[in-house]
>>> print(open('coords_14.tsv').read())   # TSV, C-alpha atoms
chain	number	residue	atom	x	y	z
A	110	MET	CA	0.00	0.00	0.00
A	111	GLY	CA	2.58	2.56	1.09
A	112	LEU	CA	0.05	4.98	2.62
A	113	ASP	CA	2.82	6.81	4.51
A	114	SER	CA	3.90	8.26	1.17
A	115	TYR	CA	0.54	10.05	0.91
A	116	ARG	CA	0.67	11.86	4.26
A	117	LYS	CA	0.24	15.26	2.61
A	118	ASN	CA	-2.98	14.09	0.94
A	119	ALA	CA	-4.49	13.32	4.35
A	120	GLU	CA	-3.86	16.79	5.75
A	121	PRO	CA	-7.14	18.37	4.46
A	122	ILE	CA	-9.06	15.59	6.25
A	123	LEU	CA	-7.07	16.04	9.45
A	124	ASP	CA	-7.57	19.79	9.23
A	125	ARG	CA	-11.36	19.32	9.39
A	126	MET	CA	-11.04	17.03	12.41
A	127	VAL	CA	-8.35	18.82	14.38
A	128	GLY	CA	-10.60	21.25	16.35
A	129	PRO	CA	-11.26	19.14	19.49
A	130	PHE	CA	-7.62	18.05	19.64
A	131	MET	CA	-6.13	21.56	19.69
A	132	LYS	CA	-6.74	21.83	23.45
A	133	PHE	CA	-4.28	18.96	24.04
A	134	ASN	CA	-0.51	19.06	24.24
A	135	PRO	CA	0.80	17.02	21.26
A	136	ASP	CA	2.99	14.95	23.61
A	137	THR	CA	-0.14	14.07	25.61
A	138	LEU	CA	-1.76	12.76	22.42
A	139	THR	CA	1.34	10.63	21.78
A	140	VAL	CA	1.16	9.07	25.24
A	141	LEU	CA	-2.61	8.53	25.02
A	142	SER	CA	-2.15	6.79	21.67
A	143	PHE	CA	0.34	4.40	23.30
A	144	ILE	CA	-1.92	3.71	26.30
A	145	LEU	CA	-4.85	2.93	24.00
A	146	ALA	CA	-2.63	0.59	21.95
A	147	VAL	CA	-1.74	-1.31	25.14
A	148	ILE	CA	-5.43	-1.50	26.12
A	149	SER	CA	-6.26	-2.84	22.65
A	150	ALA	CA	-3.54	-5.48	22.99
A	151	LEU	CA	-4.89	-6.56	26.38
A	152	PHE	CA	-8.41	-7.01	25.00
A	153	LEU	CA	-6.98	-9.08	22.15
A	154	ILE	CA	-5.26	-11.38	24.64
A	155	ILE	CA	-8.09	-11.84	27.16
A	156	SER	CA	-11.06	-11.99	24.75
A	157	GLY	CA	-12.24	-15.60	24.61
A	158	ARG	CA	-10.11	-16.55	27.62
A	159	PHE	CA	-11.12	-14.49	30.63
A	160	ILE	CA	-14.01	-12.58	29.04
A	161	PRO	CA	-16.39	-13.52	26.18
A	162	TRP	CA	-14.74	-13.50	22.73
A	163	TYR	CA	-17.00	-10.74	21.39
A	164	PHE	CA	-15.27	-8.26	23.69
A	165	ILE	CA	-12.63	-8.21	20.97
A	166	ILE	CA	-14.69	-5.33	19.56
A	167	LEU	CA	-13.32	-3.23	22.44
A	168	ALA	CA	-9.85	-3.97	21.06
A	169	PHE	CA	-11.03	-2.37	17.82
A	170	VAL	CA	-12.43	0.70	19.60
A	171	ALA	CA	-9.20	1.23	21.55
A	172	LEU	CA	-7.07	0.67	18.44
A	173	PHE	CA	-9.20	3.02	16.34
A	174	LEU	CA	-8.80	5.79	18.94
A	175	SER	CA	-5.07	5.05	19.22
A	176	THR	CA	-4.77	5.37	15.44
A	177	LEU	CA	-6.65	8.68	15.50
A	178	PHE	CA	-4.49	10.14	18.27
A	179	ASP	CA	-1.35	8.92	16.49
A	180	ALA	CA	-2.43	10.75	13.34
A	181	MET	CA	-3.19	13.92	15.29
A	182	ASP	CA	-0.16	14.37	17.57
A	183	GLY	CA	2.26	15.57	14.89
A	184	PHE	CA	-0.46	17.49	13.03
A	185	VAL	CA	-1.46	19.39	16.19
A	186	ALA	CA	2.20	20.16	16.91
A	187	ARG	CA	2.62	21.66	13.44
A	188	LYS	CA	-0.62	23.65	13.73
A	189	LYS	CA	0.47	25.07	17.08
A	190	GLY	CA	4.03	25.63	15.93
A	191	THR	CA	5.34	23.52	18.83
A	192	ASN	CA	6.89	20.68	16.80
A	193	SER	CA	10.36	19.86	18.08
A	194	MET	CA	13.09	17.24	17.91
A	195	TYR	CA	12.04	16.05	21.38
A	196	GLY	CA	8.43	15.60	20.25
A	197	ASP	CA	9.61	13.71	17.17
A	198	MET	CA	11.79	11.41	19.32
A	199	LEU	CA	8.92	10.84	21.76
A	200	ASP	CA	6.56	10.01	18.91
A	201	HIS	CA	8.93	7.48	17.30
A	202	THR	CA	9.72	5.88	20.66
A	203	PHE	CA	6.08	5.37	21.65
A	204	ASP	CA	5.21	4.26	18.11
A	205	ARG	CA	7.69	1.39	18.43
A	206	TYR	CA	6.39	0.40	21.86
A	207	SER	CA	2.85	0.56	20.47
A	208	ASP	CA	3.87	-1.66	17.55
A	209	PHE	CA	5.40	-4.15	19.96
A	210	ALA	CA	2.36	-4.16	22.25
A	211	LEU	CA	-0.13	-4.59	19.42
A	212	ILE	CA	1.74	-7.34	17.58
A	213	THR	CA	2.19	-9.14	20.90
A	214	GLY	CA	-1.55	-8.81	21.51
A	215	PHE	CA	-2.40	-10.25	18.10
A	216	ALA	CA	0.16	-13.07	18.45
A	217	LEU	CA	-1.11	-14.08	21.92
A	218	SER	CA	-4.78	-13.86	20.96
A	219	LEU	CA	-6.74	-17.07	20.49
A	220	GLN	CA	-6.59	-16.53	16.72
A	221	GLY	CA	-2.89	-15.62	16.61
A	222	ASN	CA	0.42	-17.46	16.48
A	223	ILE	CA	3.40	-16.69	18.70
A	224	LEU	CA	6.06	-17.61	16.12
A	225	LEU	CA	4.40	-15.47	13.44
A	226	GLY	CA	4.18	-12.62	15.95
A	227	LEU	CA	7.90	-12.87	16.72
A	228	LEU	CA	8.80	-12.81	13.03
A	229	ALA	CA	6.35	-9.96	12.39
A	230	VAL	CA	8.04	-7.83	15.07
A	231	GLY	CA	11.31	-8.26	13.19
A	232	GLY	CA	9.80	-7.16	9.89
A	233	VAL	CA	8.01	-4.17	11.40
A	234	PHE	CA	10.97	-2.96	13.43
A	235	MET	CA	13.42	-3.27	10.52
A	236	SER	CA	11.14	-1.33	8.17
A	237	SER	CA	10.73	1.45	10.76
A	238	TYR	CA	14.47	1.44	11.51
A	239	MET	CA	15.38	1.87	7.86
A	240	GLY	CA	12.93	4.76	7.60
A	241	THR	CA	14.58	6.70	10.42
A	242	GLN	CA	18.10	5.56	9.49
A	243	ALA	CA	17.84	7.78	6.43
A	244	GLN	CA	17.47	10.75	8.80
A	245	ALA	CA	20.39	9.51	10.90
A	246	VAL	CA	22.73	9.76	7.91
A	247	GLY	CA	21.55	13.26	7.02
A	248	LEU	CA	18.81	12.53	4.46
A	249	LYS	CA	15.04	13.00	4.61
A	250	ARG	CA	12.92	10.45	6.47
A	251	ASN	CA	12.21	7.54	4.12
A	252	TYR	CA	8.49	6.70	3.94
A	253	GLY	CA	8.81	4.45	0.89
A	254	GLY	CA	7.99	0.77	0.60
A	255	ILE	CA	4.86	-1.34	0.60
A	256	LEU	CA	4.12	-1.49	4.33
A	257	GLY	CA	4.37	1.66	6.40
A	258	ARG	CA	2.88	2.37	9.82
A	259	ALA	CA	-0.36	3.76	8.40
A	260	ASP	CA	-0.83	0.55	6.42
A	261	ARG	CA	-0.18	-1.58	9.49
A	262	LEU	CA	-2.68	0.29	11.64
A	263	ILE	CA	-5.40	0.06	9.00
A	264	LEU	CA	-4.75	-3.67	8.51
A	265	MET	CA	-4.87	-4.23	12.27
A	266	ASN	CA	-8.26	-2.52	12.48
A	267	ILE	CA	-9.54	-4.56	9.54
A	268	ALA	CA	-8.25	-7.85	11.02
A	269	ILE	CA	-10.18	-7.26	14.25
A	270	ILE	CA	-13.38	-6.38	12.39
A	271	VAL	CA	-13.10	-9.52	10.23
A	272	GLU	CA	-12.46	-11.62	13.33
A	273	PHE	CA	-15.54	-10.12	14.99
A	274	ILE	CA	-17.93	-10.34	12.02
A	275	TYR	CA	-16.72	-13.43	10.17
A	276	PRO	CA	-14.11	-15.45	12.08
A	277	PHE	CA	-12.58	-18.26	10.04
A	278	THR	CA	-9.87	-20.87	10.50
A	279	LEU	CA	-8.24	-22.96	7.77
A	280	ASN	CA	-5.96	-25.67	9.08
A	281	PHE	CA	-2.66	-26.13	7.25
A	282	TYR	CA	0.76	-26.28	8.90
A	283	ILE	CA	-0.48	-23.35	10.96
A	284	ALA	CA	-4.01	-22.14	11.54
A	285	ILE	CA	-4.92	-19.62	8.83
A	286	THR	CA	-7.01	-16.88	10.44
A	287	SER	CA	-7.48	-13.23	9.51
A	288	ILE	CA	-4.98	-12.32	12.24
A	289	ASN	CA	-2.35	-14.82	11.10
A	290	VAL	CA	-2.75	-13.69	7.48
A	291	MET	CA	-2.06	-10.15	8.68
A	292	LEU	CA	1.01	-11.27	10.67
A	293	ILE	CA	2.38	-13.15	7.65
A	294	TRP	CA	2.00	-9.99	5.57
A	295	PHE	CA	3.81	-8.00	8.26
A	296	ILE	CA	6.73	-10.44	7.93
A	297	ILE	CA	6.87	-10.31	4.13
A	298	GLY	CA	5.88	-6.66	3.64
A	299	GLY	CA	7.98	-5.46	6.57
A	300	HIS	CA	11.24	-6.96	5.35
A	301	ALA	CA	10.47	-6.01	1.73
A	302	THR	CA	9.93	-2.42	2.87
A	303	ALA	CA	13.18	-2.47	4.86
A	304	ILE	CA	15.09	-3.64	1.77
A	305	LEU	CA	13.45	-1.04	-0.48
A	306	ARG	CA	14.21	1.74	2.01
A	307	PHE	CA	17.81	0.54	2.37
A	308	ARG	CA	18.30	0.58	-1.40
A	309	LYS	CA	16.77	4.05	-1.75
A	310	THR	CA	18.87	5.47	1.09
A	311	ALA	CA	22.05	3.88	-0.28
A	312	LYS	CA	21.31	5.31	-3.73
A	313	GLU	CA	20.74	8.81	-2.34
A	314	MET	CA	23.97	8.62	-0.31
A	315	LYS	CA	25.93	7.64	-3.43
A	316	GLN	CA	24.36	10.54	-5.38
A	317	GLU	CA	25.31	13.00	-2.63
A	318	LYS	CA	28.84	11.63	-2.55
A	319	ALA	CA	29.11	12.05	-6.32
A	320	VAL	CA	27.94	15.68	-6.10
A	321	HIS	CA	30.51	16.52	-3.44
>>> encode(input="coords_14.tsv", output="structure tokens")
Amino acid sequence: MGLDSYRKNAEPILDRMVGPFMKFNPDTLTVLSFILAVISALFLIISGRFIPWYFIILAFVALFLSTLFDAMDGFVARKKGTNSMYGDMLDHTFDRYSDFALITGFALSLQGNILLGLLAVGGVFMSSYMGTQAQAVGLKRNYGGILGRADRLILMNIAIIVEFIYPFTLNFYIAITSINVMLIWFIIGGHATAILRFRKTAKEMKQEKAVH
């Protein structure tokens, strides 16, 4: 999908929604997004075990709100003119912890798979690392590839809805569920995105070296 590459296109939509969020400190929105991600992960884990399975819908509600707050924190900071390197670091740090919490929640859910979750964490973290590594070497943040954070969050929301409305399981070497299909895509798409971002960053570094 590569929705991260279309961030500018989403700004008119965010601009119409930003009103109620302007009263918040952007860093507060970042922390709230993380807390909601953890709550979503907990509902994924306990639904069907300690509470009825249909409570998984609360995982969707918490994740949807987490996604909204995650989209708004940086936008509010720019609107207020308070964006800073500290805020950017805080955002990236809590994004990674949110990714870890959510993937863990999906992997430990009744419909998930621990091994797929472990491998998915690797793919997701490497793709995110290669995006910020471009900044670390003096280039612009690399949002390229086929699986960015926006894509992951949308797919997570969809996976929960599918599991709630039409749960299915196909038995092969592993149980094929909507959640496991998503985790498999995180493995493949995550590492593919990391490779694409590495190649783009390496190419830009070579071009800069040639200029100088």
>>> closest_residue(input="coords_14.tsv", among="A:Thr191, A:Val140, A:Phe203, A:Met181", to="A:Arg125", atoms="all atoms listed in the file")
A:Met181
>>> closest_residue(input="coords_14.tsv", among="A:Leu224, A:Gly299, A:Pro121, A:Lys312", to="A:Ile283", atoms="all atoms listed in the file")
A:Leu224
>>> closest_residue(input="coords_14.tsv", among="A:Phe307, A:Phe152, A:Phe295, A:Tyr195", to="A:Thr241", atoms="only C-alpha atoms")
A:Phe307
>>> closest_residue(input="coords_14.tsv", among="A:Gly196, A:Gly232, A:Pro276, A:Gly240", to="A:Gln220", atoms="all atoms listed in the file")
A:Pro276
>>> axis_aligned_box(input="coords_14.tsv", around="stretch 153-168 of chain A", padding_each_side="3 Å", output="lines of an AutoDock Vina configuration file")
center_x = -11.1
center_y = -9.9
center_z = 25.1
size_x = 17.7
size_y = 19.3
size_z = 17.1
>>> closest_residue(input="coords_14.tsv", among="A:Ser175, A:Gln244, A:Ser236, A:Ser149", to="A:Asp197", atoms="all atoms listed in the file")
A:Gln244
>>> closest_residue(input="coords_14.tsv", among="A:Leu199, A:Val170, A:Ala186, A:Glu120", to="A:Asn134", atoms="all atoms listed in the file")
A:Ala186
>>> residues_around(input="coords_14.tsv", residues="stretch 154-163 of chain A", least_positions_apart="2", cutoff="6 Å", atoms="only C-alpha atoms", output="NGL selection string")
:A and (151-152 or 165 or 214 or 217-218)
>>> decode(input="coords_14.tsv", residues="stretch 142-171 of chain A", atoms="C-alpha atoms", output="CSV table (one decimal), in the first residue's frame")
chain,number,residue,atom,x,y,z
A,142,SER,CA,-2.1,6.8,21.7
A,143,PHE,CA,0.3,4.4,23.3
A,144,ILE,CA,-1.9,3.7,26.3
A,145,LEU,CA,-4.8,2.9,24.0
A,146,ALA,CA,-2.6,0.6,22.0
A,147,VAL,CA,-1.7,-1.3,25.1
A,148,ILE,CA,-5.4,-1.5,26.1
A,149,SER,CA,-6.3,-2.8,22.6
A,150,ALA,CA,-3.5,-5.5,23.0
A,151,LEU,CA,-4.9,-6.6,26.4
A,152,PHE,CA,-8.4,-7.0,25.0
A,153,LEU,CA,-7.0,-9.1,22.1
A,154,ILE,CA,-5.3,-11.4,24.6
A,155,ILE,CA,-8.1,-11.8,27.2
A,156,SER,CA,-11.1,-12.0,24.8
A,157,GLY,CA,-12.2,-15.6,24.6
A,158,ARG,CA,-10.1,-16.5,27.6
A,159,PHE,CA,-11.1,-14.5,30.6
A,160,ILE,CA,-14.0,-12.6,29.0
A,161,PRO,CA,-16.4,-13.5,26.2
A,162,TRP,CA,-14.7,-13.5,22.7
A,163,TYR,CA,-17.0,-10.7,21.4
A,164,PHE,CA,-15.3,-8.3,23.7
A,165,ILE,CA,-12.6,-8.2,21.0
A,166,ILE,CA,-14.7,-5.3,19.6
A,167,LEU,CA,-13.3,-3.2,22.4
A,168,ALA,CA,-9.8,-4.0,21.1
A,169,PHE,CA,-11.0,-2.4,17.8
A,170,VAL,CA,-12.4,0.7,19.6
A,171,ALA,CA,-9.2,1.2,21.5
